Amino acid sequence: MAIQDQPAYIIRMRAKPGMGDKLFELATIGMMKSGASDRFIIAREDQDPDVLWNIEVFKSNEAKAGYESSPLADQLRDEILGLLAEAPMRVAVHPYSALPIIET
């Protein structure tokens, strides 16, 4: 399967003050436990360490659907939503490319 055929999300979440570390921990654990992602990046804003950006590329439409309807997703969603200061932003995308950088 070409990476352009894999579903993905870009998600932005802002934790309540002092809850950023817990948000990042839950998001990272969720990505690692789900097994549905082909690759992901979780980044923290330099200007606001309570803001998380997640780029998640799923292995397939089936893997994405399976994760989204799983007990793990339900549990993490409830825990994560309780940590947020505002509604998350989630944009569905498909990667154009995701290649390693080769040093010359």
# chains A, B, ... in the order shown; residues from 1 in each chain; ligands from 1
>>> select_by_dssp(residues="range 44-99 of chain A", states="alpha helix (DSSP H)", output="PyMOL selection string")
chain A and resi 61-68+71-83
>>> residues_around(residues="Pro49 in chain A", least_positions_apart="4", cutoff="10 Å", atoms="only C-alpha atoms", output="mmCIF file with N, CA and C atoms, in the first residue's frame")
data_model
loop_
_atom_site.group_PDB
_atom_site.id
_atom_site.type_symbol
_atom_site.label_atom_id
_atom_site.label_comp_id
_atom_site.auth_asym_id
_atom_site.auth_seq_id
_atom_site.Cartn_x
_atom_site.Cartn_y
_atom_site.Cartn_z
ATOM 1 N N ARG A 14 -4.842 21.317 23.500
ATOM 2 C CA ARG A 14 -4.266 22.161 24.556
ATOM 3 C C ARG A 14 -4.720 21.613 25.901
ATOM 4 N N ALA A 15 -3.737 21.252 26.728
ATOM 5 C CA ALA A 15 -4.031 20.746 28.066
ATOM 6 C C ALA A 15 -4.377 21.889 29.009
ATOM 7 N N PRO A 17 -3.841 24.010 32.333
ATOM 8 C CA PRO A 17 -2.551 24.362 32.946
ATOM 9 C C PRO A 17 -2.051 23.268 33.894
ATOM 10 N N GLY A 18 -0.799 22.901 33.713
ATOM 11 C CA GLY A 18 -0.177 21.890 34.552
ATOM 12 C C GLY A 18 -0.463 20.455 34.157
ATOM 13 N N MET A 19 -1.276 20.235 33.118
ATOM 14 C CA MET A 19 -1.637 18.878 32.717
ATOM 15 C C MET A 19 -0.947 18.430 31.425
ATOM 16 N N GLY A 20 -0.048 19.261 30.910
ATOM 17 C CA GLY A 20 0.624 18.948 29.648
ATOM 18 C C GLY A 20 1.392 17.639 29.677
ATOM 19 N N ASP A 21 2.144 17.394 30.743
ATOM 20 C CA ASP A 21 2.922 16.152 30.820
ATOM 21 C C ASP A 21 2.018 14.926 30.770
ATOM 22 N N PHE A 24 0.667 14.395 27.172
ATOM 23 C CA PHE A 24 1.679 13.807 26.296
ATOM 24 C C PHE A 24 1.910 12.343 26.619
ATOM 25 N N ALA A 43 4.425 16.270 18.927
ATOM 26 C CA ALA A 43 5.298 17.422 19.129
ATOM 27 C C ALA A 43 4.696 18.367 20.155
ATOM 28 N N ARG A 44 5.577 19.076 20.832
ATOM 29 C CA ARG A 44 5.182 20.043 21.854
ATOM 30 C C ARG A 44 5.582 21.431 21.369
ATOM 31 N N GLU A 45 4.670 22.386 21.491
ATOM 32 C CA GLU A 45 4.985 23.751 21.066
ATOM 33 C C GLU A 45 6.043 24.364 21.984
#
>>> closest_residue(among="A:Gln47, A:Ser34, A:Asn61, A:Asn54", to="Asp74 in chain A", atoms="only C-alpha atoms")
A:Ser34
>>> atom_distance(atom1="CA of Gln4 in chain A", atom2="CA of Trp53 in chain A")
20.7 Å
>>> closest_residue(among="A:Glu56, A:Glu79, A:Asp48, A:Glu68", to="His94 in chain A", atoms="only C-alpha atoms")
A:Glu56
>>> closest_residue(among="A:Lys16, A:Met1, A:Ala27, A:Tyr9", to="Ala73 in chain A", atoms="only C-alpha atoms")
A:Ala27
>>> atom_distance(atom1="CA of Asp78 in chain A", atom2="CA of Met13 in chain A")
13.8 Å
>>> atom_distance(atom1="CA of Ile42 in chain A", atom2="CA of Glu103 in chain A")
23.2 Å
>>> residues_around(residues="Arg39 in chain A", least_positions_apart="3", cutoff="12 Å", atoms="only C-alpha atoms", output="JSON, numbers by chain")
{"A": [3, 6, 7, 8, 9, 28, 31, 32, 34, 35, 36, 42, 54, 55, 56, 57, 58, 59, 60, 95, 98, 99, 100]}
>>> write_last_selection(atoms="N, CA and C atoms", output="PDB file, in the first residue's frame")
ATOM      1  N   ILE A   3       1.871   5.105   0.705  1.00  0.00           N
ATOM      2  CA  ILE A   3       1.547   5.972   1.843  1.00  0.00           C
ATOM      3  C   ILE A   3       0.413   6.926   1.513  1.00  0.00           C
ATOM      4  N   GLN A   6      -2.936   5.746   2.759  1.00  0.00           N
ATOM      5  CA  GLN A   6      -3.130   5.528   4.185  1.00  0.00           C
ATOM      6  C   GLN A   6      -3.834   6.734   4.820  1.00  0.00           C
ATOM      7  N   PRO A   7      -4.889   6.496   5.597  1.00  0.00           N
ATOM      8  CA  PRO A   7      -5.564   7.608   6.268  1.00  0.00           C
ATOM      9  C   PRO A   7      -4.691   8.148   7.400  1.00  0.00           C
ATOM     10  N   ALA A   8      -4.850   9.432   7.681  1.00  0.00           N
ATOM     11  CA  ALA A   8      -4.051  10.067   8.731  1.00  0.00           C
ATOM     12  C   ALA A   8      -4.848  11.199   9.371  1.00  0.00           C
ATOM     13  N   TYR A   9      -4.361  11.638  10.521  1.00  0.00           N
ATOM     14  CA  TYR A   9      -4.922  12.789  11.221  1.00  0.00           C
ATOM     15  C   TYR A   9      -3.799  13.737  11.603  1.00  0.00           C
ATOM     16  N   THR A  28       1.099   9.394  23.873  1.00  0.00           N
ATOM     17  CA  THR A  28       2.197   8.526  23.441  1.00  0.00           C
ATOM     18  C   THR A  28       1.883   7.061  23.733  1.00  0.00           C
ATOM     19  N   MET A  31      -0.687   5.744  21.209  1.00  0.00           N
ATOM     20  CA  MET A  31      -0.140   5.456  19.880  1.00  0.00           C
ATOM     21  C   MET A  31       0.644   4.149  19.891  1.00  0.00           C
ATOM     22  N   MET A  32       1.390   3.915  20.946  1.00  0.00           N
ATOM     23  CA  MET A  32       2.229   2.722  21.004  1.00  0.00           C
ATOM     24  C   MET A  32       1.400   1.457  21.242  1.00  0.00           C
ATOM     25  N   SER A  34      -1.882   0.960  20.476  1.00  0.00           N
ATOM     26  CA  SER A  34      -2.960   0.672  19.520  1.00  0.00           C
ATOM     27  C   SER A  34      -2.524  -0.284  18.422  1.00  0.00           C
ATOM     28  N   GLY A  35      -1.310  -0.165  17.948  1.00  0.00           N
ATOM     29  CA  GLY A  35      -0.851  -0.996  16.844  1.00  0.00           C
ATOM     30  C   GLY A  35      -1.482  -0.643  15.508  1.00  0.00           C
ATOM     31  N   ALA A  36      -2.319   0.389  15.472  1.00  0.00           N
ATOM     32  CA  ALA A  36      -3.016   0.768  14.241  1.00  0.00           C
ATOM     33  C   ALA A  36      -2.225   1.755  13.393  1.00  0.00           C
ATOM     34  N   ILE A  42       4.545  13.109  17.728  1.00  0.00           N
ATOM     35  CA  ILE A  42       3.905  13.910  18.753  1.00  0.00           C
ATOM     36  C   ILE A  42       4.884  15.024  19.084  1.00  0.00           C
ATOM     37  N   ASN A  54      -0.185  16.189  17.061  1.00  0.00           N
ATOM     38  CA  ASN A  54      -0.003  14.775  16.742  1.00  0.00           C
ATOM     39  C   ASN A  54      -0.292  14.566  15.258  1.00  0.00           C
ATOM     40  N   ILE A  55       0.644  13.972  14.571  1.00  0.00           N
ATOM     41  CA  ILE A  55       0.438  13.546  13.189  1.00  0.00           C
ATOM     42  C   ILE A  55       0.489  12.028  13.220  1.00  0.00           C
ATOM     43  N   GLU A  56      -0.625  11.416  12.886  1.00  0.00           N
ATOM     44  CA  GLU A  56      -0.745   9.964  12.984  1.00  0.00           C
ATOM     45  C   GLU A  56      -1.150   9.386  11.635  1.00  0.00           C
ATOM     46  N   VAL A  57      -0.364   8.439  11.144  1.00  0.00           N
ATOM     47  CA  VAL A  57      -0.637   7.764   9.876  1.00  0.00           C
ATOM     48  C   VAL A  57      -1.017   6.315  10.193  1.00  0.00           C
ATOM     49  N   PHE A  58      -2.223   5.949   9.817  1.00  0.00           N
ATOM     50  CA  PHE A  58      -2.709   4.591  10.089  1.00  0.00           C
ATOM     51  C   PHE A  58      -2.230   3.623   9.006  1.00  0.00           C
ATOM     52  N   LYS A  59      -2.133   2.360   9.374  1.00  0.00           N
ATOM     53  CA  LYS A  59      -1.696   1.325   8.440  1.00  0.00           C
ATOM     54  C   LYS A  59      -2.677   1.154   7.286  1.00  0.00           C
ATOM     55  N   SER A  60      -3.970   1.326   7.577  1.00  0.00           N
ATOM     56  CA  SER A  60      -5.010   1.128   6.565  1.00  0.00           C
ATOM     57  C   SER A  60      -6.317   1.720   7.088  1.00  0.00           C
ATOM     58  N   PRO A  95      -1.217  11.413   3.699  1.00  0.00           N
ATOM     59  CA  PRO A  95       0.146  11.879   3.467  1.00  0.00           C
ATOM     60  C   PRO A  95       0.469  11.933   1.977  1.00  0.00           C
ATOM     61  N   ALA A  98       6.381  10.622   3.074  1.00  0.00           N
ATOM     62  CA  ALA A  98       6.963  10.476   4.410  1.00  0.00           C
ATOM     63  C   ALA A  98       8.209   9.620   4.252  1.00  0.00           C
ATOM     64  N   LEU A  99       9.265  10.258   3.886  1.00  0.00           N
ATOM     65  CA  LEU A  99      10.520   9.561   3.630  1.00  0.00           C
ATOM     66  C   LEU A  99      11.578   9.995   4.632  1.00  0.00           C
ATOM     67  N   PRO A 100      12.514   9.119   4.952  1.00  0.00           N
ATOM     68  CA  PRO A 100      13.601   9.531   5.832  1.00  0.00           C
ATOM     69  C   PRO A 100      14.517  10.524   5.109  1.00  0.00           C
TER      70      PRO A 100
END
>>> residues_around(residues="Arg90 in chain A", least_positions_apart="3", cutoff="7 Å", atoms="only C-alpha atoms", output="compact mmCIF listing (two decimals) with C-alpha atoms, in the first residue's frame")
# COMPACT_ATOMS: atom_id res chain seq x y z
CA TYR A 9 -4.92 12.79 11.22
CA ILE A 10 -3.32 16.00 12.32
CA ILE A 11 -4.55 16.76 15.83
CA ARG A 12 -3.95 19.80 18.04
>>> select_by_dssp(residues="range 6-101 of chain A", states="strand (DSSP E)", output="PyMOL selection string")
chain A and resi 8-14+37-44+51-58+89-93
>>> closest_residue(among="A:Asp5, A:Glu86, A:Ile29, A:Val51", to="Leu72 in chain A", atoms="only C-alpha atoms")
A:Ile29
>>> closest_residue(among="A:Ser37, A:Ala85, A:Lys64, A:Leu26", to="Asp50 in chain A", atoms="only C-alpha atoms")
A:Ala85
>>> closest_residue(among="A:Val93, A:Leu23, A:Asp46, A:Ala65", to="Ile80 in chain A", atoms="only C-alpha atoms")
A:Leu23
